[in-house]
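Following: one structure in structure tokens, then a few remarks.
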Amino acid sequence: SRASLRGLDIRTRASGIQLRGSHRSELVGNTIRPFAEDGESMAGMDRSHNGIDAFESHDNLLEANDIAYMNDGIYLESSDRNVVRRNRVDHSRYGIHGMFSAGVVIAENVGEANTTGAMVMGVEGAEVVSNTFVKMSESVHSQGILLFEVHGSRIADNRVEGNRVGLYVELSSGNEIRDNRIIRNFVGIQLLESERNRLEGNDAIGNVVDVEATDSRNNRITRNYWDAYRGIDSDGDGGGDFRYAIHPFFRKLVTETPAYQLFFHSPGMQFLESMFASGQADWTFDDEPLMAPSNLYEQDRAAGAGGIALAASSVMLIASLMLLFYYGGRIR
């Protein structure tokens with residue numbers, strides 16, 4: 001306990017740093033990579049070891065470490081009140097992986113091209129704030145931030161961009177999820193069997209699907225911006241006059257028949273969705289969606305516009321190819 005490891009350059013074929021029953025230690029400014037011989041690519045190396053691995057170790061500071069090509073960049077298990085701040089983790093499985101640990105602070109970290117940016121599991125009283133996780137999209141299990149059985153925690157001011165799922169929440173309750181920037185993901189926010197969470201002030205821009213909710217009731221969802229929302233603001237308070245319905249039709253359809261994902265946003269699918277209005281008592285709604293984003297920087301607005309333009313261009317290209325194929329076949 002009370003160890004200080006600073007400025008180390010670690011090249012390893014195993015774990016970088018392990019903490020076992022180590023409390024109130026500081027790991028600051030270290031660089032951790034797999035050991036590679038000349039000409040050996042780190043991308044193809046064994047990734048069965050973690051960069052920083054803590055077990056039953058409490059009240060430690062993990063700050064400004066640079067980790068890449070490991071299994072989990074930073075792994076915490078049964079380790080309470082650790083502060084994980086201003087680290088960078090790239091090209092690993094989970095950038096930051098916290099399990100069964102109370103009062104963890106995960107703040108101002110950056111991750112790119114991991115399977116998942118931050119996986120927080122079995123945690124109470126966590127702070128996941130001001131992190132940036134981008135390009136988590138190579139796996140069907142990729143998410144920017146994944147919350148599983150997380151309770152009484154605050155997830156705020158994060159930026160998740162270009163991921164398969166921006167923010168995934170499962171079996172989690174009593175969390176405050178606010179002021180996050182959710183940009184150009186395939187699915188922006190996904191809720192599964194989660195309740196009594198409060199989602200407010202989040203901006204969803206340029207996502208293919210803004211939000212999905214399955215078996216998730218009694219969540220307080222209000223004053224978020226969804227760029228798929230079409231409404232009016234007659235009293236000028238910045239909130240739409242009509243609720244934004246998180247429609248379950250497409251989600252249920254592709255769960256039963258995954259191949260129907262090919263028809264996402266097709267005119268026929270949108271028509272069927274408009275006809276599916278039963279069981280609205282069980283739907284999830286944003287009670288007062290915002291008419292304009294609340295937290296975006298100028299580059300975020302440009303990213304959203306670019307994402308929408310890219311999606312539109314893709315749809316037009318596919319439609320053109322289908323017409324050429326159809327009429328070309330008829331001419332022959």
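Residues in the structure tokens are named by chain (A, B, ... in the order shown) and by number from 1 within that chain; ligands are numbered from 1 in the order shown.
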| task | Can you list, as a PyMOL selection string, all residues belonging to region 100-289 of chain A that DSSP tags as strand (DSSP E or B)? | result | chain A and resi 105-107+110-112+116-124+127-129+132-134+143-151+154-156+159-161+165-170+173+176-178+181-183+187-192+195+198-200+203-205+209-214+220-222+225-226+239+244-246+284-286
| remark: Of A:Ala3, A:Ile155, A:Leu290, A:Leu146, the one nearest to Gly201 (chain A) when counting only C-alpha atoms is A:Leu290
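Look at region 218-224 of chain A: the protein and nucleic acid residues within 8 Å of it, using only C-alpha atoms and passing over chain neighbours fewer than 3 places away, are Ser194, Glu195, Arg196, Asn197, Arg198, Leu199, Glu200, Gly201, Asn202, Asp203, Ala204, Gly239, Phe285, Asp286, Asp287, Glu288, Pro289, Leu290 and Pro293 of chain A.
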For the selection just defined, write its residues with C-alpha atoms to a file, as a PDB file, in the first residue's frame.
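Below is the file that was written, result-v4.pdb:
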```pdb
ATOM      1  CA  SER A 194     -33.850  -1.080 -16.713  1.00  0.00           C
ATOM      2  CA  GLU A 195     -36.024   1.095 -14.499  1.00  0.00           C
ATOM      3  CA  ARG A 196     -36.097   4.233 -12.350  1.00  0.00           C
ATOM      4  CA  ASN A 197     -33.268   5.852 -14.290  1.00  0.00           C
ATOM      5  CA  ARG A 198     -33.365   9.552 -15.123  1.00  0.00           C
ATOM      6  CA  LEU A 199     -32.271  10.588 -18.616  1.00  0.00           C
ATOM      7  CA  GLU A 200     -32.142  14.332 -19.114  1.00  0.00           C
ATOM      8  CA  GLY A 201     -30.258  16.825 -21.256  1.00  0.00           C
ATOM      9  CA  ASN A 202     -28.645  14.237 -23.539  1.00  0.00           C
ATOM     10  CA  ASP A 203     -28.084  15.136 -27.207  1.00  0.00           C
ATOM     11  CA  ALA A 204     -28.537  12.397 -29.836  1.00  0.00           C
ATOM     12  CA  GLY A 239     -39.304  21.834 -25.349  1.00  0.00           C
ATOM     13  CA  PHE A 285     -41.515   8.342 -24.058  1.00  0.00           C
ATOM     14  CA  ASP A 286     -39.489  11.497 -23.713  1.00  0.00           C
ATOM     15  CA  ASP A 287     -42.109  13.706 -22.075  1.00  0.00           C
ATOM     16  CA  GLU A 288     -40.646  17.011 -23.282  1.00  0.00           C
ATOM     17  CA  PRO A 289     -38.050  16.525 -26.037  1.00  0.00           C
ATOM     18  CA  LEU A 290     -35.820  19.472 -26.772  1.00  0.00           C
ATOM     19  CA  PRO A 293     -29.252  20.385 -28.804  1.00  0.00           C
TER      20      PRO A 293
END
```
Would you list the contacts of region 11-25 of chain A as a PDB file with C-alpha atoms, in the first residue's frame, taking every protein, DNA or RNA residue within 10 Å and counting only C-alpha atoms, but skipping same-chain residues closer than 5 positions in sequence?
```pdb
ATOM      1  CA  SER A   1       0.000   0.000   0.000  1.00  0.00           C
ATOM      2  CA  ARG A   2       0.879   3.669  -0.532  1.00  0.00           C
ATOM      3  CA  ALA A   3       3.133   2.769  -3.466  1.00  0.00           C
ATOM      4  CA  SER A   4       3.933   5.289  -6.196  1.00  0.00           C
ATOM      5  CA  LEU A   5       4.593   4.112  -9.763  1.00  0.00           C
ATOM      6  CA  ASN A  30       2.852   5.064 -17.139  1.00  0.00           C
ATOM      7  CA  THR A  31       2.954   3.605 -20.667  1.00  0.00           C
ATOM      8  CA  ILE A  32       1.995  -0.053 -21.152  1.00  0.00           C
ATOM      9  CA  ARG A  33       2.296  -2.059 -24.387  1.00  0.00           C
ATOM     10  CA  PRO A  34       2.822  -5.705 -25.308  1.00  0.00           C
ATOM     11  CA  PHE A  35       6.445  -6.650 -25.851  1.00  0.00           C
ATOM     12  CA  ALA A  36       7.134  -7.070 -29.555  1.00  0.00           C
ATOM     13  CA  MET A  45      -0.236 -10.452 -30.324  1.00  0.00           C
ATOM     14  CA  ASP A  46      -1.819 -12.390 -27.469  1.00  0.00           C
ATOM     15  CA  ARG A  47      -4.273 -10.149 -25.636  1.00  0.00           C
ATOM     16  CA  SER A  48      -5.089 -12.324 -22.637  1.00  0.00           C
ATOM     17  CA  HIS A  49      -3.508  -9.949 -20.101  1.00  0.00           C
ATOM     18  CA  ASN A  50      -4.592  -6.598 -18.715  1.00  0.00           C
ATOM     19  CA  GLY A  51      -2.664  -3.349 -18.676  1.00  0.00           C
ATOM     20  CA  ILE A  52      -3.487  -2.432 -15.057  1.00  0.00           C
ATOM     21  CA  ASP A  53      -5.199  -5.167 -13.049  1.00  0.00           C
ATOM     22  CA  ALA A  54      -6.544  -4.407  -9.550  1.00  0.00           C
ATOM     23  CA  PHE A  55      -8.197  -6.905  -7.180  1.00  0.00           C
ATOM     24  CA  GLU A  56      -9.404  -6.076  -3.671  1.00  0.00           C
ATOM     25  CA  SER A  57      -7.440  -2.841  -3.843  1.00  0.00           C
ATOM     26  CA  HIS A  58      -9.122   0.336  -2.612  1.00  0.00           C
ATOM     27  CA  ASP A  59      -8.673   4.124  -2.740  1.00  0.00           C
ATOM     28  CA  ASN A  60      -6.021   4.125  -5.465  1.00  0.00           C
ATOM     29  CA  LEU A  61      -5.350   6.799  -8.092  1.00  0.00           C
ATOM     30  CA  LEU A  62      -4.863   5.639 -11.703  1.00  0.00           C
ATOM     31  CA  ILE A  67      -2.298   1.712 -22.619  1.00  0.00           C
ATOM     32  CA  MET A  70      -3.975  -5.287 -24.080  1.00  0.00           C
ATOM     33  CA  ASN A  71      -6.965  -7.415 -23.045  1.00  0.00           C
ATOM     34  CA  ASP A  72      -8.544  -4.847 -20.723  1.00  0.00           C
ATOM     35  CA  GLY A  73      -6.690  -1.577 -20.457  1.00  0.00           C
ATOM     36  CA  ILE A  74      -7.677  -1.044 -16.810  1.00  0.00           C
ATOM     37  CA  TYR A  75      -9.449  -3.822 -14.898  1.00  0.00           C
ATOM     38  CA  LEU A  76     -10.919  -3.317 -11.424  1.00  0.00           C
ATOM     39  CA  SER A  79     -11.913  -2.623  -5.631  1.00  0.00           C
ATOM     40  CA  ASP A  80     -13.746   0.341  -4.105  1.00  0.00           C
ATOM     41  CA  ARG A  81     -13.345   4.104  -4.425  1.00  0.00           C
ATOM     42  CA  ASN A  82     -10.595   3.990  -7.026  1.00  0.00           C
TER      43      ASN A  82
END
```
| query | Which residues come within 6 Å of region 174-190 of chain A, counting only C-alpha atoms, excluding same-chain residues fewer than 4 positions away, as a PyMOL selection string? | reply | chain A and resi 151-168+196-213+307
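The two atoms in question, CA of Ala292 (chain A) and CA of Asp241 (chain A), are spaced 13.4 Å apart.
Closest approach to Phe242 (chain A) among A:Asp227, A:Met291, A:Gly7, A:Met119: A:Met291, based on only C-alpha atoms.
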| task | Pick out the residues sitting within 6 Å of Ile145 (chain A), and hand them over as a ChimeraX atom specification; count only C-alpha atoms, and ignore anything fewer than 2 positions along from it in its own chain. | result | /A:117-118,143,167
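In this comparison, which uses only C-alpha atoms, the residue of A:Glu77, A:Asp233, A:Asp66, A:Glu124 approaching Asn109 (chain A) most closely is A:Asp66.
Of note, CA of Gly98 (chain A) and CA of Ala64 (chain A) are spaced 17.5 Å apart.
Separating CA of Asn65 (chain A) from CA of Glu26 (chain A) is a distance of 11.0 Å.
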| request: Kindly indicate which residue among A:Val83, A:Glu193, A:Gly238, A:Gly111 lies nearest to Arg217 (chain A), using only C-alpha atoms for the distances. | output: A:Glu193
| Residue with smallest distance to Glu138 (chain A) - pool A:Ser41, A:Asn114, A:Asn295, A:Ser216, counting only C-alpha atoms | A:Asn114
| request: Using only C-alpha atoms, determine which residues lie at most 6 Å from Phe148 (chain A), disregarding the query and same-chain residues fewer than 6 positions distant; provide the list as an NGL selection string. | output: :A and (121 or 170-171)
